[in-house]
Structures are given as C-alpha cells and as structure tokens.
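Let me begin by presenting the structure, written as structure tokens, before commenting on it.
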Amino acid sequence: RLTKVTLNCKEIGEWFRESTSIKEVIIGDSVTSIGKWAFARCTGLTSIAIGNSVTTIGDGAFYKCTGLTGATIPNSVTTIGGNGYDTDSIGVFRDCISLTNVTIGNSVTSIGHYAFRGCTVLNEISCYAIEPPQLGYNVFYNIYPDAVLKVPLESFELYSSADGWKDFTTILPLNNNTITLILPDDAADGKYKDLYLELYDESGKRLYRYIITDKKAYSFSVKDNGKYSICMKNDKDVVFGSINDICVEDSDIDVEFSTLLQPRQVEMKVLTPK
C-alpha cells in the first residue's frame, strides 16, 4: 500500500483523491499548481510539504483530510481555493478536523469560499501577507472559537478592520515578545469594563486597542528592542491611567498601573418648569 508520495511534475491532478493509505506527501519545487480535489478525503494523510514553486492550490485540494494536523502555505502561493465568483466552492481544507495550525505565506492575495470551514480545532493562523488577503464566504466558519490570528506588526490595524479578519477576538503580531498588563484586583467587579486599553510605540503610533471585558490580564505582542506605552481611556479620550517607557529587550514582561482614576457613574435629571 502506498503511504508516502513525492511529486515533481508541473501540475497535480486528482490522481490521489480518496487514497486513504497515504500518510505523507512531499510536493517538489517543480510543481506550480495543486489541482482541485487533488488529495480530497485522503483520511490517512498526516503530513504535507508544499514546494516553493506552487502558486495556486485548487478548491477542495485537501478537503476532509481528517488526519492532517498542520499546513504551511509557502511564499510562492498567491491563491488558496477558487476565486470569489465560484459559487460551487467546497473549501480547500474544509472539515480537516485535526488541523490545529496554519501558516499562510506573504504572497497570498485571496482565499476562496469555505477554505477552513469546519476545522474545529484550528486554533492558530499565522498570516505573513502585509495586505490582508481577500476572503470568500465563511472562510473561518466553525473553527476553534478562541483561535489566535498572528500577522505582521505593521499590518495589525489593517487586519483589525478587514472583512473576515477583524472577527478574530485575538490578533497578535508575528514572532515577537509579549507585554502582559495585569489590572488591579478590584477590576473583577467590572468597574473598568468597556473602557479601552491602548498600546503605543515610541513614535506615538497606536498598535493595539482592546475593549476591557471581565478579564484581568491583557497581552500585547511586540517587537524586541522597542519602547512602548499603555494607557486606559474612555470613548471621550479621558485617560484613567498610563504606563510609559516600557522597554522590551529579549523576553516577555508583566506590567501594572501604579495609579488609576476611578470611573464614576453620573446620573442627570432634567427638570422643566411647570
């Protein structure tokens, strides 16, 4: 039984569709295209290595590869799945129920409909594209609910406002250290809820904006050898506390506010003359 496949052709067709015995696929650098349905329902497949000449991955190429745990899309790839006009799309990695992490290279410009739909344990997506790739319908529908998206630091604001990408509750910069802000113990009563936490670099550029929830700790992923500041403010830009000159060298750090203004609820009554 065939368990390992190494391919050095130009284009890959449906030759291995539903070949349940295959466990490992190596796609050589001569391959430029992985065709539609190429490895669909290869349920025994646990490992794929995609060569650096592949530019397109066809719709359904790894559909229901239920044993696959990770996937790295190289920098040569520009298109993952069908274009946005293909109403019959299935989804490149749809229903890969063991897939936990995906790395998307820096040249990807579009990801087709349902590409990762139903990848229920997919908890980390690292995307190196500076411009957020255009997404089709329900690309990340029904993945792990607390999945983390990692993107280039300079693109953080772009992903935070881009359709489909902005739906991730946690977006972090790639390959950097972490500043963890720990709120005071009395934050548990919700007194700071719905205020904002903002992180700025030393040039004054805002890198993050979090809305405070019931959590006590908030993490900011940042570049090494940088200097940062954090402030808490409301929607009127009233500052309740700040931490300045946070220096990050080569390790994660925890910080706390030394003092914080206390939010107050103000009730106003309008009295009209009788």
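FYI, nothing fancy with the structure tokens labels: chains A, B, ... in order, residues from 1 per chain, ligands from 1 as they appear.
The environment of A:Ala38 within 12 Å, counting only C-alpha atoms and disregarding residues fewer than 6 places along the same chain, consists of A:Glu11, A:Ile12, A:Gly13, A:Glu14, A:Trp15, A:Phe16, A:Arg17, A:Glu18, A:Ser19, A:Val25, A:Ile27, A:Ile57, A:Gly58, A:Asp59, A:Gly60, A:Ala61, A:Phe62, A:Tyr63, A:Lys64, A:Cys65, A:Gly81, A:Val92, A:Phe93.
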Can those selected residues be exported to a file as a compact mmCIF listing (two decimals), in the first residue's frame so that it contains N, CA, C and O atoms?
# COMPACT_ATOMS: atom_id res chain seq x y z
N GLU A 11 1.90 20.02 -12.66
CA GLU A 11 0.59 20.20 -12.07
C GLU A 11 0.09 18.88 -11.49
O GLU A 11 0.31 17.83 -12.08
N ILE A 12 -0.59 18.97 -10.37
CA ILE A 12 -1.11 17.77 -9.71
C ILE A 12 -2.61 17.70 -9.94
O ILE A 12 -3.35 18.64 -9.62
N GLY A 13 -3.05 16.57 -10.50
CA GLY A 13 -4.48 16.36 -10.73
C GLY A 13 -5.13 15.58 -9.60
O GLY A 13 -4.63 15.57 -8.47
N GLU A 14 -6.20 14.89 -9.89
CA GLU A 14 -6.96 14.15 -8.89
C GLU A 14 -6.45 12.73 -8.68
O GLU A 14 -7.18 11.87 -8.20
N TRP A 15 -5.21 12.49 -8.98
CA TRP A 15 -4.69 11.13 -9.00
C TRP A 15 -4.80 10.41 -7.66
O TRP A 15 -4.90 9.19 -7.62
N PHE A 16 -4.73 11.15 -6.56
CA PHE A 16 -4.69 10.50 -5.24
C PHE A 16 -5.96 10.74 -4.44
O PHE A 16 -6.00 10.46 -3.25
N ARG A 17 -6.98 11.26 -5.07
CA ARG A 17 -8.24 11.52 -4.38
C ARG A 17 -8.77 10.25 -3.70
O ARG A 17 -8.82 9.19 -4.30
N GLU A 18 -9.08 10.40 -2.42
CA GLU A 18 -9.65 9.31 -1.61
C GLU A 18 -8.69 8.13 -1.45
O GLU A 18 -9.13 7.00 -1.19
N SER A 19 -7.38 8.41 -1.56
CA SER A 19 -6.38 7.36 -1.30
C SER A 19 -6.10 7.34 0.21
O SER A 19 -5.23 8.05 0.71
N VAL A 25 2.91 13.46 2.04
CA VAL A 25 3.03 13.96 0.67
C VAL A 25 4.11 15.03 0.64
O VAL A 25 4.08 15.98 1.44
N ILE A 27 5.68 17.70 -2.03
CA ILE A 27 5.45 18.33 -3.33
C ILE A 27 6.71 19.11 -3.70
O ILE A 27 7.08 20.07 -3.03
N ILE A 57 -3.49 26.72 -5.20
CA ILE A 57 -3.99 25.50 -4.59
C ILE A 57 -5.48 25.44 -4.89
O ILE A 57 -6.24 26.32 -4.50
N GLY A 58 -5.89 24.42 -5.61
CA GLY A 58 -7.26 24.33 -6.10
C GLY A 58 -8.27 24.05 -5.01
O GLY A 58 -7.95 23.52 -3.93
N ASP A 59 -9.51 24.40 -5.29
CA ASP A 59 -10.61 24.20 -4.36
C ASP A 59 -10.74 22.72 -4.00
O ASP A 59 -10.63 21.84 -4.86
N GLY A 60 -10.92 22.44 -2.72
CA GLY A 60 -11.12 21.06 -2.28
C GLY A 60 -9.87 20.21 -2.28
O GLY A 60 -9.95 19.00 -2.06
N ALA A 61 -8.70 20.82 -2.49
CA ALA A 61 -7.46 20.03 -2.64
C ALA A 61 -7.19 19.14 -1.44
O ALA A 61 -6.69 18.01 -1.58
N PHE A 62 -7.51 19.61 -0.23
CA PHE A 62 -7.28 18.82 0.97
C PHE A 62 -8.57 18.65 1.77
O PHE A 62 -8.55 18.49 2.99
N TYR A 63 -9.68 18.68 1.07
CA TYR A 63 -11.00 18.53 1.69
C TYR A 63 -11.11 17.21 2.46
O TYR A 63 -10.79 16.15 1.96
N LYS A 64 -11.52 17.32 3.71
CA LYS A 64 -11.74 16.16 4.59
C LYS A 64 -10.51 15.27 4.74
O LYS A 64 -10.62 14.05 4.85
N CYS A 65 -9.32 15.90 4.76
CA CYS A 65 -8.11 15.17 5.16
C CYS A 65 -8.10 15.18 6.69
O CYS A 65 -7.43 16.02 7.32
N GLY A 81 -7.63 28.18 -3.07
CA GLY A 81 -9.02 27.89 -3.41
C GLY A 81 -9.48 28.65 -4.62
O GLY A 81 -8.73 29.39 -5.27
N VAL A 92 -10.79 24.51 0.46
CA VAL A 92 -9.51 23.80 0.31
C VAL A 92 -9.24 22.83 1.47
O VAL A 92 -8.92 21.66 1.27
N PHE A 93 -9.36 23.32 2.69
CA PHE A 93 -9.09 22.49 3.87
C PHE A 93 -10.37 22.23 4.68
O PHE A 93 -10.30 21.90 5.86
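The environment of A:Pro184 within 9 Å, counting only C-alpha atoms and disregarding residues fewer than 2 places along the same chain, consists of Ile182, Asp186, Ala187, Ala188, Lys216, Glu256 and Phe257 of chain A.
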Could you please take those selected residues and save N, CA and C atoms as a PDB file, in the first residue's frame?
ATOM      1  N   ILE A 182      -1.524  43.560  33.762  1.00  0.00           N
ATOM      2  CA  ILE A 182      -2.354  42.950  34.794  1.00  0.00           C
ATOM      3  C   ILE A 182      -3.119  44.056  35.514  1.00  0.00           C
ATOM      4  N   ASP A 186      -9.413  44.832  42.020  1.00  0.00           N
ATOM      5  CA  ASP A 186     -10.786  45.333  42.031  1.00  0.00           C
ATOM      6  C   ASP A 186     -11.387  45.436  40.626  1.00  0.00           C
ATOM      7  N   ALA A 187     -10.591  45.077  39.594  1.00  0.00           N
ATOM      8  CA  ALA A 187     -11.138  45.067  38.240  1.00  0.00           C
ATOM      9  C   ALA A 187     -12.186  43.972  38.080  1.00  0.00           C
ATOM     10  N   ALA A 188     -12.162  42.988  38.993  1.00  0.00           N
ATOM     11  CA  ALA A 188     -13.095  41.873  38.896  1.00  0.00           C
ATOM     12  C   ALA A 188     -14.548  42.297  39.056  1.00  0.00           C
ATOM     13  N   LYS A 216      -8.720  39.938  33.649  1.00  0.00           N
ATOM     14  CA  LYS A 216      -7.806  40.741  34.466  1.00  0.00           C
ATOM     15  C   LYS A 216      -6.483  40.997  33.736  1.00  0.00           C
ATOM     16  N   GLU A 256       1.957  46.708  35.448  1.00  0.00           N
ATOM     17  CA  GLU A 256       0.739  47.099  36.139  1.00  0.00           C
ATOM     18  C   GLU A 256       0.673  48.621  36.204  1.00  0.00           C
ATOM     19  N   PHE A 257      -0.531  49.153  36.300  1.00  0.00           N
ATOM     20  CA  PHE A 257      -0.694  50.581  36.536  1.00  0.00           C
ATOM     21  C   PHE A 257      -0.339  50.886  37.995  1.00  0.00           C
TER      22      PHE A 257
END
Using only C-alpha atoms, determine which residues lie at most 7 Å from A:Thr69, disregarding the query and same-chain residues fewer than 3 positions distant; provide the list as a PDB file with C-alpha atoms, in the first residue's frame.
ATOM      1  CA  THR A  46      -0.921  13.485   8.385  1.00  0.00           C
ATOM      2  CA  SER A  98      -7.448  17.544  13.211  1.00  0.00           C
ATOM      3  CA  LEU A  99      -5.890  20.698  11.739  1.00  0.00           C
ATOM      4  CA  THR A 100      -4.555  22.839  14.609  1.00  0.00           C
TER       5      THR A 100
END
A:Leu207: which residues within 12 Å, counting only C-alpha atoms, same-chain residues fewer than 6 positions away excluded, as an mmCIF file with N, CA, C and O atoms, in the first residue's frame?
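That gives us out09.cif:
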data_model
loop_
_atom_site.group_PDB
_atom_site.id
_atom_site.type_symbol
_atom_site.label_atom_id
_atom_site.label_comp_id
_atom_site.auth_asym_id
_atom_site.auth_seq_id
_atom_site.Cartn_x
_atom_site.Cartn_y
_atom_site.Cartn_z
ATOM 1 N N PRO A 152 1.768 40.392 10.501
ATOM 2 C CA PRO A 152 2.897 41.326 10.623
ATOM 3 C C PRO A 152 2.518 42.529 11.485
ATOM 4 O O PRO A 152 1.399 43.045 11.394
ATOM 5 N N LEU A 153 3.437 42.966 12.322
ATOM 6 C CA LEU A 153 3.156 44.068 13.245
ATOM 7 C C LEU A 153 2.667 45.308 12.516
ATOM 8 O O LEU A 153 1.712 45.968 12.944
ATOM 9 N N GLU A 154 3.289 45.625 11.362
ATOM 10 C CA GLU A 154 2.918 46.830 10.634
ATOM 11 C C GLU A 154 1.538 46.730 9.991
ATOM 12 O O GLU A 154 0.973 47.726 9.532
ATOM 13 N N SER A 155 0.975 45.520 9.995
ATOM 14 C CA SER A 155 -0.335 45.303 9.367
ATOM 15 C C SER A 155 -1.448 45.092 10.385
ATOM 16 O O SER A 155 -2.582 44.777 10.011
ATOM 17 N N PHE A 156 -1.135 45.278 11.642
ATOM 18 C CA PHE A 156 -2.111 44.976 12.690
ATOM 19 C C PHE A 156 -3.422 45.736 12.497
ATOM 20 O O PHE A 156 -4.513 45.164 12.563
ATOM 21 N N GLU A 157 -3.336 47.024 12.238
ATOM 22 C CA GLU A 157 -4.551 47.827 12.065
ATOM 23 C C GLU A 157 -5.330 47.400 10.827
ATOM 24 O O GLU A 157 -6.565 47.415 10.810
ATOM 25 N N LEU A 158 -4.614 47.002 9.769
ATOM 26 C CA LEU A 158 -5.289 46.574 8.542
ATOM 27 C C LEU A 158 -6.129 45.322 8.784
ATOM 28 O O LEU A 158 -7.293 45.244 8.374
ATOM 29 N N TYR A 159 -5.543 44.337 9.452
ATOM 30 C CA TYR A 159 -6.278 43.108 9.730
ATOM 31 C C TYR A 159 -7.408 43.354 10.725
ATOM 32 O O TYR A 159 -8.465 42.715 10.648
ATOM 33 N N SER A 160 -7.191 44.282 11.646
ATOM 34 C CA SER A 160 -8.200 44.557 12.668
ATOM 35 C C SER A 160 -9.455 45.201 12.089
ATOM 36 O O SER A 160 -10.494 45.247 12.757
ATOM 37 N N ILE A 171 -5.815 39.073 17.934
ATOM 38 C CA ILE A 171 -4.897 39.276 16.815
ATOM 39 C C ILE A 171 -3.571 39.743 17.393
ATOM 40 O O ILE A 171 -3.526 40.745 18.139
ATOM 41 N N LEU A 172 -2.494 39.034 17.084
ATOM 42 C CA LEU A 172 -1.182 39.331 17.639
ATOM 43 C C LEU A 172 -0.154 39.469 16.519
ATOM 44 O O LEU A 172 -0.301 38.857 15.463
ATOM 45 N N PRO A 173 0.884 40.288 16.744
ATOM 46 C CA PRO A 173 1.973 40.332 15.768
ATOM 47 C C PRO A 173 2.789 39.034 15.776
ATOM 48 O O PRO A 173 2.828 38.316 16.768
ATOM 49 N N LEU A 197 -7.982 49.828 26.421
ATOM 50 C CA LEU A 197 -6.548 49.730 26.654
ATOM 51 C C LEU A 197 -5.851 49.920 25.318
ATOM 52 O O LEU A 197 -6.149 49.222 24.352
ATOM 53 N N GLU A 198 -4.925 50.878 25.264
ATOM 54 C CA GLU A 198 -4.231 51.168 24.013
ATOM 55 C C GLU A 198 -2.727 51.078 24.213
ATOM 56 O O GLU A 198 -2.185 51.581 25.213
ATOM 57 N N LEU A 199 -2.066 50.438 23.259
ATOM 58 C CA LEU A 199 -0.611 50.323 23.280
ATOM 59 C C LEU A 199 -0.032 51.174 22.163
ATOM 60 O O LEU A 199 -0.496 51.106 21.021
ATOM 61 N N TYR A 200 0.993 51.967 22.478
ATOM 62 C CA TYR A 200 1.642 52.845 21.503
ATOM 63 C C TYR A 200 3.128 52.523 21.438
ATOM 64 O O TYR A 200 3.744 52.135 22.446
ATOM 65 N N ASP A 201 3.715 52.702 20.242
ATOM 66 C CA ASP A 201 5.167 52.590 20.157
ATOM 67 C C ASP A 201 5.792 53.939 20.487
ATOM 68 O O ASP A 201 5.085 54.916 20.783
ATOM 69 N N PHE A 220 -0.049 41.963 24.843
ATOM 70 C CA PHE A 220 0.311 42.701 23.638
ATOM 71 C C PHE A 220 1.609 42.097 23.109
ATOM 72 O O PHE A 220 2.615 42.070 23.824
ATOM 73 N N SER A 221 1.601 41.615 21.883
ATOM 74 C CA SER A 221 2.806 41.058 21.280
ATOM 75 C C SER A 221 3.544 42.175 20.538
ATOM 76 O O SER A 221 2.959 42.885 19.723
ATOM 77 N N VAL A 222 4.836 42.339 20.833
ATOM 78 C CA VAL A 222 5.603 43.483 20.322
ATOM 79 C C VAL A 222 6.971 43.033 19.834
ATOM 80 O O VAL A 222 7.442 41.935 20.147
ATOM 81 N N LYS A 223 7.629 43.895 19.080
ATOM 82 C CA LYS A 223 8.978 43.620 18.611
ATOM 83 C C LYS A 223 9.993 43.783 19.741
ATOM 84 O O LYS A 223 9.788 44.540 20.688
ATOM 85 N N TYR A 228 7.602 51.154 24.616
ATOM 86 C CA TYR A 228 6.161 51.241 24.424
ATOM 87 C C TYR A 228 5.494 51.932 25.608
ATOM 88 O O TYR A 228 6.091 52.105 26.684
ATOM 89 N N SER A 229 4.247 52.313 25.393
ATOM 90 C CA SER A 229 3.436 52.868 26.471
ATOM 91 C C SER A 229 2.023 52.310 26.362
ATOM 92 O O SER A 229 1.565 51.942 25.278
ATOM 93 N N ILE A 230 1.354 52.235 27.509
ATOM 94 C CA ILE A 230 -0.022 51.731 27.577
ATOM 95 C C ILE A 230 -0.866 52.748 28.320
ATOM 96 O O ILE A 230 -0.420 53.317 29.334
ATOM 97 N N CYS A 231 -2.073 53.006 27.828
ATOM 98 C CA CYS A 231 -2.981 53.873 28.567
ATOM 99 C C CYS A 231 -4.374 53.255 28.605
ATOM 100 O O CYS A 231 -4.743 52.469 27.733
#
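Excluding A:Glu124 itself and any same-chain residue fewer than 2 positions from it, the protein and nucleic acid residues within 7 Å of it, counting only C-alpha atoms, are Thr100, Asn101, Val102, Leu122, Ser126, Ala147, Val148 and Leu149 of chain A.
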Could the residues in this selection be written to a file with N, CA and C atoms, as an mmCIF file, in the first residue's frame?
data_model
loop_
_atom_site.group_PDB
_atom_site.id
_atom_site.type_symbol
_atom_site.label_atom_id
_atom_site.label_comp_id
_atom_site.auth_asym_id
_atom_site.auth_seq_id
_atom_site.Cartn_x
_atom_site.Cartn_y
_atom_site.Cartn_z
ATOM 1 N N THR A 100 -4.678 21.922 13.474
ATOM 2 C CA THR A 100 -4.555 22.839 14.609
ATOM 3 C C THR A 100 -3.878 24.157 14.262
ATOM 4 N N ASN A 101 -3.010 24.162 13.242
ATOM 5 C CA ASN A 101 -2.285 25.393 12.913
ATOM 6 C C ASN A 101 -2.040 25.496 11.420
ATOM 7 N N VAL A 102 -2.064 26.733 10.933
ATOM 8 C CA VAL A 102 -1.853 27.014 9.515
ATOM 9 C C VAL A 102 -0.950 28.231 9.388
ATOM 10 N N LEU A 122 -8.758 24.173 14.782
ATOM 11 C CA LEU A 122 -7.790 25.142 14.241
ATOM 12 C C LEU A 122 -7.706 26.326 15.188
ATOM 13 N N SER A 126 -1.210 31.878 11.267
ATOM 14 C CA SER A 126 -0.143 32.867 11.093
ATOM 15 C C SER A 126 -0.143 33.301 9.635
ATOM 16 N N ALA A 147 -9.572 30.954 18.485
ATOM 17 C CA ALA A 147 -8.387 30.890 17.621
ATOM 18 C C ALA A 147 -7.652 32.227 17.603
ATOM 19 N N VAL A 148 -6.320 32.141 17.560
ATOM 20 C CA VAL A 148 -5.454 33.319 17.542
ATOM 21 C C VAL A 148 -4.968 33.566 16.115
ATOM 22 N N LEU A 149 -5.060 34.808 15.696
ATOM 23 C CA LEU A 149 -4.529 35.221 14.392
ATOM 24 C C LEU A 149 -3.248 36.012 14.622
#
Out of stretch 156-192 of chain A, which residues get alpha helix (DSSP H) from DSSP, as a PyMOL selection string?
-> chain A and resi 156-161
